[in-house]
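**Q** So that we are looking at the same thing, I have put the structure below in structure tokens.
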Amino acid sequence: MSIKGNARESILLLLLLLVVFNTNATSTTIAEDSISGVVNEWKRHHLRSGDDASHSDRQLKRPSKKHPASSPSQSPTASPTAAPTMSREQEWELNKAKWNCFISGGSNARPYNGYEMVFQKQSQVVDYGLPYRVTVNKDDKVFLVRQMDGTPVNDDGIIDWMRTVDEVFQVIADSWTNNADSVAVTYDAEKGHPTDCNIDQDSGAADDEIIIKILNATLR
Ligand SMILES: *[C@@H]1O[C@H](CO)[C@@H](O)[C@H](O)[C@H]1NC(C)=O
């Protein structure tokens, strides 16, 4: 992300915090509308397009800008998820927008060709809880699963156990819809994908806790 992009992001974050702070006392509805406005603004800056608006975010083309692929200096500003006043839904929205931005190449727009990541999903009832290297193709399907040492996995049980980032976003949203007793999620500050999800559907029931971890997502 360019310095300019980061500055803009910081300003948007500040705006967002101000909006939340100022409207908290009056009306939640207004706060939510304003938040969507800020999230949309964030998307507009990051997902600028010459394309038809009906295209999905990841297919949007943006003017390419040269910048170092990933300098360590860019991470400190990329942490809007830390805002304590954001609701979990707003945090989810913002991070999904970030993820869509990331997979479409950030400020170096590129055709979407999928991504690779380290994926781990644990549950007490299934024995597939190791981390795997998962490749997701441009059709957003799990396309290749390998062990951490690179050995391809052929076990369909394991392959079916894998999830794409979009599916994990959905799992989180579904857990809210289903009133899970406890849902804890953290997101990657830069890329927006969930990094750690801990979902306990029914704290009274044994064995229904799910833990999902995602790291090292890279574009293909
Ligand atoms: C994630 O990527 C870093 C940097 O490339 C690497 O050092 C680390 O081993 C990776 N972790 C996993 C679990 O693949």
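Labeling convention for the structure tokens: chains A, B, ... as they appear, residues from 1 per chain, ligands from 1 in order of appearance.
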As a list in words, please: every protein or nucleic acid residue near ligand 1 (cut-off 10 Å, counting only C-alpha atoms and all ligand atoms).
**A** Met117, Val118, Phe119, Gln120, Pro131, Tyr132, Arg133, Met148, Asp149, Ile214, Leu215, Asn216, Ala217 and Thr218 of chain A
**Q** Counting only C-alpha atoms, what is within 9 Å of Arg163 (chain A), bar same-chain residues fewer than 5 positions away, as a ChimeraX atom specification?
**A** /A:119,121,134,141-142,168
**Q** Pull N, CA, C and O atoms from the residues just selected and write them as a PDB file, in the first residue's frame.
**A**
ATOM      1  N   PHE A 119      -3.911 -23.226   6.581  1.00  0.00           N
ATOM      2  CA  PHE A 119      -5.249 -23.333   7.153  1.00  0.00           C
ATOM      3  C   PHE A 119      -5.284 -24.451   8.187  1.00  0.00           C
ATOM      4  O   PHE A 119      -4.740 -25.530   7.965  1.00  0.00           O
ATOM      5  N   LYS A 121      -8.147 -26.193  11.025  1.00  0.00           N
ATOM      6  CA  LYS A 121      -9.473 -26.192  11.643  1.00  0.00           C
ATOM      7  C   LYS A 121      -9.555 -27.352  12.622  1.00  0.00           C
ATOM      8  O   LYS A 121      -9.388 -28.512  12.240  1.00  0.00           O
ATOM      9  N   VAL A 134      -3.097 -24.766   1.881  1.00  0.00           N
ATOM     10  CA  VAL A 134      -4.284 -24.857   1.029  1.00  0.00           C
ATOM     11  C   VAL A 134      -4.174 -23.859  -0.119  1.00  0.00           C
ATOM     12  O   VAL A 134      -3.850 -22.688   0.093  1.00  0.00           O
ATOM     13  N   LYS A 141     -12.440 -22.027  -5.158  1.00  0.00           N
ATOM     14  CA  LYS A 141     -12.619 -23.401  -4.673  1.00  0.00           C
ATOM     15  C   LYS A 141     -11.289 -23.899  -4.120  1.00  0.00           C
ATOM     16  O   LYS A 141     -10.219 -23.586  -4.662  1.00  0.00           O
ATOM     17  N   VAL A 142     -11.378 -24.705  -3.052  1.00  0.00           N
ATOM     18  CA  VAL A 142     -10.170 -25.374  -2.566  1.00  0.00           C
ATOM     19  C   VAL A 142      -9.717 -26.313  -3.675  1.00  0.00           C
ATOM     20  O   VAL A 142     -10.480 -27.128  -4.173  1.00  0.00           O
ATOM     21  N   VAL A 168     -14.916 -18.967   5.581  1.00  0.00           N
ATOM     22  CA  VAL A 168     -14.702 -18.711   7.010  1.00  0.00           C
ATOM     23  C   VAL A 168     -15.447 -17.441   7.435  1.00  0.00           C
ATOM     24  O   VAL A 168     -16.071 -17.408   8.502  1.00  0.00           O
TER      25      VAL A 168
END
**Q** Which residue out of A:Glu89, A:Asp202, A:Asp196, A:Asp166 has the minimum interatomic distance to Gly114 (chain A) when only C-alpha atoms are used?
**A**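 Selected residue with least distance to Gly114 (chain A): A:Asp166.
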**Q** If you run DSSP on the backbone, which residues of region 165-194 of chain A are strand (DSSP E or B), as a ChimeraX atom specification?
**A** /A:182-187,194
**Q** Emit the selected residues as a PDB file, in the first residue's frame, including all heavy atoms.
**A**
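What landed in out22.pdb:
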ATOM      1  N   SER A 182     -20.488 -18.442  22.197  1.00  0.00           N
ATOM      2  CA  SER A 182     -19.256 -17.658  22.254  1.00  0.00           C
ATOM      3  C   SER A 182     -18.550 -17.672  20.907  1.00  0.00           C
ATOM      4  O   SER A 182     -18.333 -18.740  20.322  1.00  0.00           O
ATOM      5  CB  SER A 182     -18.373 -18.229  23.375  1.00  0.00           C
ATOM      6  OG  SER A 182     -17.033 -18.177  23.014  1.00  0.00           O
ATOM      7  N   VAL A 183     -18.271 -16.485  20.390  1.00  0.00           N
ATOM      8  CA  VAL A 183     -17.572 -16.356  19.112  1.00  0.00           C
ATOM      9  C   VAL A 183     -16.453 -15.338  19.295  1.00  0.00           C
ATOM     10  O   VAL A 183     -16.716 -14.184  19.621  1.00  0.00           O
ATOM     11  CB  VAL A 183     -18.509 -15.856  17.986  1.00  0.00           C
ATOM     12  CG1 VAL A 183     -17.766 -15.802  16.657  1.00  0.00           C
ATOM     13  CG2 VAL A 183     -19.750 -16.726  17.878  1.00  0.00           C
ATOM     14  N   ALA A 184     -15.235 -15.774  19.147  1.00  0.00           N
ATOM     15  CA  ALA A 184     -14.100 -14.853  19.247  1.00  0.00           C
ATOM     16  C   ALA A 184     -13.337 -14.883  17.934  1.00  0.00           C
ATOM     17  O   ALA A 184     -12.972 -15.956  17.448  1.00  0.00           O
ATOM     18  CB  ALA A 184     -13.189 -15.273  20.395  1.00  0.00           C
ATOM     19  N   VAL A 185     -13.142 -13.728  17.336  1.00  0.00           N
ATOM     20  CA  VAL A 185     -12.485 -13.657  16.033  1.00  0.00           C
ATOM     21  C   VAL A 185     -11.415 -12.577  16.048  1.00  0.00           C
ATOM     22  O   VAL A 185     -11.642 -11.491  16.570  1.00  0.00           O
ATOM     23  CB  VAL A 185     -13.504 -13.303  14.913  1.00  0.00           C
ATOM     24  CG1 VAL A 185     -12.828 -13.325  13.554  1.00  0.00           C
ATOM     25  CG2 VAL A 185     -14.687 -14.246  14.924  1.00  0.00           C
ATOM     26  N   THR A 186     -10.278 -12.879  15.485  1.00  0.00           N
ATOM     27  CA  THR A 186      -9.302 -11.827  15.209  1.00  0.00           C
ATOM     28  C   THR A 186      -9.011 -11.845  13.713  1.00  0.00           C
ATOM     29  O   THR A 186      -9.149 -12.876  13.060  1.00  0.00           O
ATOM     30  CB  THR A 186      -7.986 -12.017  15.990  1.00  0.00           C
ATOM     31  OG1 THR A 186      -7.433 -13.289  15.655  1.00  0.00           O
ATOM     32  CG2 THR A 186      -8.209 -11.942  17.486  1.00  0.00           C
ATOM     33  N   TYR A 187      -8.619 -10.681  13.201  1.00  0.00           N
ATOM     34  CA  TYR A 187      -8.394 -10.541  11.764  1.00  0.00           C
ATOM     35  C   TYR A 187      -6.961 -10.097  11.495  1.00  0.00           C
ATOM     36  O   TYR A 187      -6.358  -9.410  12.318  1.00  0.00           O
ATOM     37  CB  TYR A 187      -9.343  -9.496  11.174  1.00  0.00           C
ATOM     38  CG  TYR A 187     -10.806  -9.817  11.333  1.00  0.00           C
ATOM     39  CD1 TYR A 187     -11.509  -9.393  12.462  1.00  0.00           C
ATOM     40  CD2 TYR A 187     -11.488 -10.537  10.356  1.00  0.00           C
ATOM     41  CE1 TYR A 187     -12.859  -9.679  12.606  1.00  0.00           C
ATOM     42  CE2 TYR A 187     -12.838 -10.829  10.498  1.00  0.00           C
ATOM     43  CZ  TYR A 187     -13.515 -10.395  11.625  1.00  0.00           C
ATOM     44  OH  TYR A 187     -14.859 -10.677  11.777  1.00  0.00           O
ATOM     45  N   PRO A 194      -9.742 -13.584   8.505  1.00  0.00           N
ATOM     46  CA  PRO A 194      -9.718 -14.013   9.906  1.00  0.00           C
ATOM     47  C   PRO A 194      -8.410 -14.767  10.177  1.00  0.00           C
ATOM     48  O   PRO A 194      -7.954 -15.531   9.327  1.00  0.00           O
ATOM     49  CB  PRO A 194     -10.917 -14.970  10.003  1.00  0.00           C
ATOM     50  CG  PRO A 194     -11.798 -14.619   8.848  1.00  0.00           C
ATOM     51  CD  PRO A 194     -10.869 -14.179   7.758  1.00  0.00           C
TER      52      PRO A 194
END
**Q** How many Å lie between CA of Thr164 (chain A) and CA of Asp140 (chain A), rounded to one decimal?
**A**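 Between these atoms lies a distance of 7.1 Å.
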**Q** Can you list, as a PyMOL selection string, every protein, DNA or RNA residue that comes within 12 Å of Asn178 (chain A) when you count only C-alpha atoms, leaving out same-chain residues fewer than 6 positions away?
**A** chain A and resi 170-172+199-202
**Q** Find the distance between CA of Asp188 (chain A) and CA of Asp127 (chain A) and write it in Å to one decimal.
**A** 26.3 Å
